[in-house]
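A.B. asks: Shown below is the structure under consideration.
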Amino acid sequence: MTPLFNLLYERWIPCVMQDGAPAEKGVREVLTEAHGIRDVDSPSPIVTASLYRLLLAVVHRVFAPKTMEEWQALLTKGSFDEKALRQYFEQWEDRFYLIHDKYPFYQSLDKELLEQKILPCASLFQELASGNNPLLFDHTLEQSSGMISFAEAARGLVATQADSLGGGVSKPFNLSHAPGVLGVLNIVVGKTLFHTLCLNTISDEMNTFPDDEESKPCWERGIQKSGKKRPPKGYLDYLTWQSRRIKLCPDETGIAGIRRLQGDALPETMHQDPLMAYQRRKQDEPYRALRFQTDRAAWRDAHVLLAYKGEMSRRTLALEQAMSLEAADEVSCLRVLGLCNDQAKTLFWRDETISIPGLLVSGPSNAVAASAILERLVYLAEAGARALNNALLVLASILVSPGQDKPEGRMPDMKTVTPVKSGISTEGAYWAALQPLFHEAAQSIGDDDGALLEQWSNTVEREARRAFLVATSHLDNSARSLKAASRGESALAGQIRKQLQPR
């Protein structure tokens, strides 16, 4: 078959231009025009994260800053060297065809794979219901999903290699998690896509990822022959990790289906992704990548994602690098992308941004003090939530058993209290109200931190009281309800006095 759809030149990467207009571009155009592009932005956070990995692999391969000085020189140029990109792409142009007899991009041609049955195109997308991955609100029928365009297939293919969930029978061993499933991707966002890619390109001096002489992107190594359990040969191997052996089934106008088997599998313990933040609960425990959690926005972990490195947490190497060279003027925010899963099932995916206080990337001496204030802001927000939760628990308990606070009374069974508390809980509204206010507060770190903490403590108290008032607003005027509301309000006030001290 004639080679089709070269990813260097065809339009398939969704971008947002500086004026806010959407556009699709090929790899070469994205990088040569990165200084005029605001961001890469797919409706799917999973696709966006995988595209960043691909683009960063190219930038690392072509420009490869060895020292911090070289990294800073790259950042200050303002655009990527078009000649260097052109020379590299001309050398490897035939490895970027989506459809190719010898080198289909991010795919495999081994005999074992080609003997597999054809799966629907929905299998390329975590966002669609497929196999054992039924998703709420997705009405895709696996059996009826039809042909997709080459551009859609390219995006799904890259996302599959970076973010596939483990679980399920395959060959030569069962399906395993891809790199993106191990934690959430942290992208330090700059003024343009050029700045963003540079900020997340880690110099050899900073990068702790072990490399060997075979560290190269997958397209330079040739076609994957079979799946293996192995450690990455280096950072470029890891960024372009082939977690699945895949063969697209094309015709002249698009992709009709895929064949798929397990590809390479990462070691069970991976705690060195330069674009992930890590934490541990005890000093003798290994670090684990920070992951999305149900009903918990990413900003609530800002002290892990942003704060200066400590014994129990580590932010991304990209932030460490920006801090070391005081690149505050180039940094806009932190973009946190990824999915949350329950074993082999996708629960949700998110694309969140977190404001980065300027002091955190303006040198180590400032970062230590700013980190302490940031951690205190998060602590006070969590303290307010605990106070609200306790008040709601008291409210629900008295609604279930009005006499439980009397000497002869008995505490009601929590099995009966919990459903009532769940029905009146307004903790979600509390966190939603605090989110934009937290970003505002974080940007004020360093101005007058004492006044900031006092103001934030008052804000947390106000929102906790407001959330409790909403919880009681739908109760009737019975003696039981009035008593429950009164006891709950007293409990809230007591907890606020105890915990919300600005210090």
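Naming scheme: A, B, ... for chains in displayed order of the structure tokens; residues 1 onward per chain; ligands 1 onward as shown.
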Env of Ser313 (chain A): 8 Å cut, atoms = only C-alpha atoms, seq-sep filter 3 positions within chain, self excluded. Answer as a list in words.

C.D. replies: Ala277, Tyr278, Gln279, Arg280, Tyr287, Val304, Lys309 and Gly310 of chain A

A.B. asks: Would you give me, as a Markdown table, each residue of region 208-311 of chain A having an atom within 10 Å of an atom of region 103-113 of chain A, along with its shortest atom pair and that distance in Å to one decimal, using only C-alpha atoms and sorting by chain and residue number?

C.D. replies:
```
| residue | atom | partner | partner_atom | distance |
| --- | --- | --- | --- | --- |
| A:Cys218 | CA | A:Tyr106 | CA | 7.6 |
| A:Trp219 | CA | A:Phe105 | CA | 7.0 |
| A:Gly222 | CA | A:Tyr103 | CA | 7.0 |
| A:Ile223 | CA | A:Ser108 | CA | 5.6 |
| A:Gln224 | CA | A:Ser108 | CA | 5.4 |
| A:Lys225 | CA | A:Asp110 | CA | 5.5 |
| A:Ser226 | CA | A:Asp110 | CA | 7.0 |
| A:Thr240 | CA | A:Tyr106 | CA | 8.5 |
| A:Trp241 | CA | A:Tyr106 | CA | 9.2 |
| A:Gln242 | CA | A:Tyr106 | CA | 7.1 |
| A:Ser243 | CA | A:Tyr106 | CA | 9.9 |
| A:Arg244 | CA | A:Gln107 | CA | 8.2 |
| A:Arg245 | CA | A:Ser108 | CA | 5.3 |
| A:Ile246 | CA | A:Gln107 | CA | 4.9 |
| A:Lys247 | CA | A:Gln107 | CA | 5.5 |
| A:Leu248 | CA | A:Gln107 | CA | 7.7 |
| A:Arg259 | CA | A:Leu113 | CA | 6.7 |
| A:Arg260 | CA | A:Leu113 | CA | 6.6 |
| A:Leu261 | CA | A:Leu113 | CA | 6.3 |
| A:Gln262 | CA | A:Leu113 | CA | 9.3 |
| A:Gly263 | CA | A:Ser108 | CA | 9.1 |
```

A.B. asks: Find the residues around region 181-186 of chain A up to 6 Å (only C-alpha atoms counted), leave out those fewer than 5 positions away in its own chain, and share them as a list in words.

C.D. replies: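 Non-adjacent residues within range: Asp163, Leu275, Met276, Ala289, Leu290, Arg291, Arg335, Val336, Leu337 and Gly338 of chain A.
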
A.B. asks: My list of candidates is A:Pro232, A:Val16, A:Gly423, A:Lys171. Which is closest to Leu475 (chain A) when distances are computed with only C-alpha atoms?

C.D. replies: A:Gly423

A.B. asks: From region 136-257 of chain A, collect each residue whose DSSP state is helix (DSSP H, G or I) and return the set as a ChimeraX atom specification.

C.D. replies: /A:150-163,179-181,193-199,218-221,235-239

A.B. asks: I need the residues from that last selection saved to file as a CSV table (one decimal), in the first residue's frame (with C-alpha atoms), if you can.

C.D. replies:
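This is the output file out-v1.csv:
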```
chain,number,residue,atom,x,y,z
A,150,PHE,CA,-6.8,9.2,9.8
A,151,ALA,CA,-6.4,12.2,12.1
A,152,GLU,CA,-8.8,10.7,14.7
A,153,ALA,CA,-6.9,7.4,14.5
A,154,ALA,CA,-3.5,9.2,15.0
A,155,ARG,CA,-4.8,10.9,18.1
A,156,GLY,CA,-6.3,7.7,19.5
A,157,LEU,CA,-3.1,5.7,18.7
A,158,VAL,CA,-0.8,8.1,20.5
A,159,ALA,CA,-3.2,8.2,23.5
A,160,THR,CA,-3.4,4.4,23.6
A,161,GLN,CA,0.3,4.0,23.8
A,162,ALA,CA,0.6,6.6,26.6
A,163,ASP,CA,-2.5,6.0,28.7
A,179,PRO,CA,3.0,5.3,31.7
A,180,GLY,CA,0.2,7.8,31.9
A,181,VAL,CA,-1.9,5.6,34.2
A,193,LEU,CA,3.6,26.6,23.4
A,194,PHE,CA,7.3,27.2,22.7
A,195,HIS,CA,7.8,28.3,26.3
A,196,THR,CA,5.7,25.4,27.6
A,197,LEU,CA,7.7,22.8,25.7
A,198,CYS,CA,11.0,24.4,26.8
A,199,LEU,CA,9.9,24.6,30.4
A,218,CYS,CA,10.6,4.4,19.3
A,219,TRP,CA,10.5,5.5,15.6
A,220,GLU,CA,14.3,5.4,15.5
A,221,ARG,CA,14.4,1.9,16.9
A,235,TYR,CA,13.9,9.0,28.9
A,236,LEU,CA,13.2,9.1,25.2
A,237,ASP,CA,12.2,5.4,25.2
A,238,TYR,CA,9.9,6.2,28.1
A,239,LEU,CA,8.3,9.2,26.5
```

A.B. asks: Measuring between only C-alpha atoms, which one of A:Glu461, A:Gly254, A:Ser164, A:Lys102 shows the shortest distance to Cys121 (chain A)?

C.D. replies: A:Gly254

A.B. asks: Taking 2 positions as the minimum chain separation for residues in the same chain, which residues sit within 7 Å of Thr426 (chain A) when counting only C-alpha atoms? Answer as number ranges by chain.

C.D. replies: A: 424, 428-430, 467-468, 471

A.B. asks: Deliver the residues from the most recent selection as a file, using N, CA and C atoms, as a compact mmCIF listing (two decimals), in the first residue's frame.

C.D. replies:
```txt
# COMPACT_ATOMS: atom_id res chain seq x y z
N ILE A 424 -27.84 15.50 52.86
CA ILE A 424 -27.83 16.93 53.16
C ILE A 424 -26.45 17.54 52.99
N GLY A 428 -19.37 19.46 48.69
CA GLY A 428 -19.00 19.74 47.30
C GLY A 428 -19.12 21.22 46.97
N ALA A 429 -20.19 21.85 47.48
CA ALA A 429 -20.38 23.28 47.24
C ALA A 429 -19.31 24.09 47.96
N TYR A 430 -18.91 23.64 49.14
CA TYR A 430 -17.84 24.31 49.89
C TYR A 430 -16.55 24.33 49.09
N ALA A 467 -22.00 26.99 53.60
CA ALA A 467 -22.35 25.62 53.17
C ALA A 467 -23.27 24.96 54.19
N PHE A 468 -23.01 25.19 55.49
CA PHE A 468 -23.87 24.60 56.51
C PHE A 468 -25.27 25.21 56.45
N ALA A 471 -27.21 23.57 53.85
CA ALA A 471 -27.62 22.22 54.26
C ALA A 471 -28.88 22.25 55.11
```

A.B. asks: What is the distance, in Å and to one decimal place, between CA of Ala441 (chain A) and CA of Glu330 (chain A)?

C.D. replies: 20.5 Å
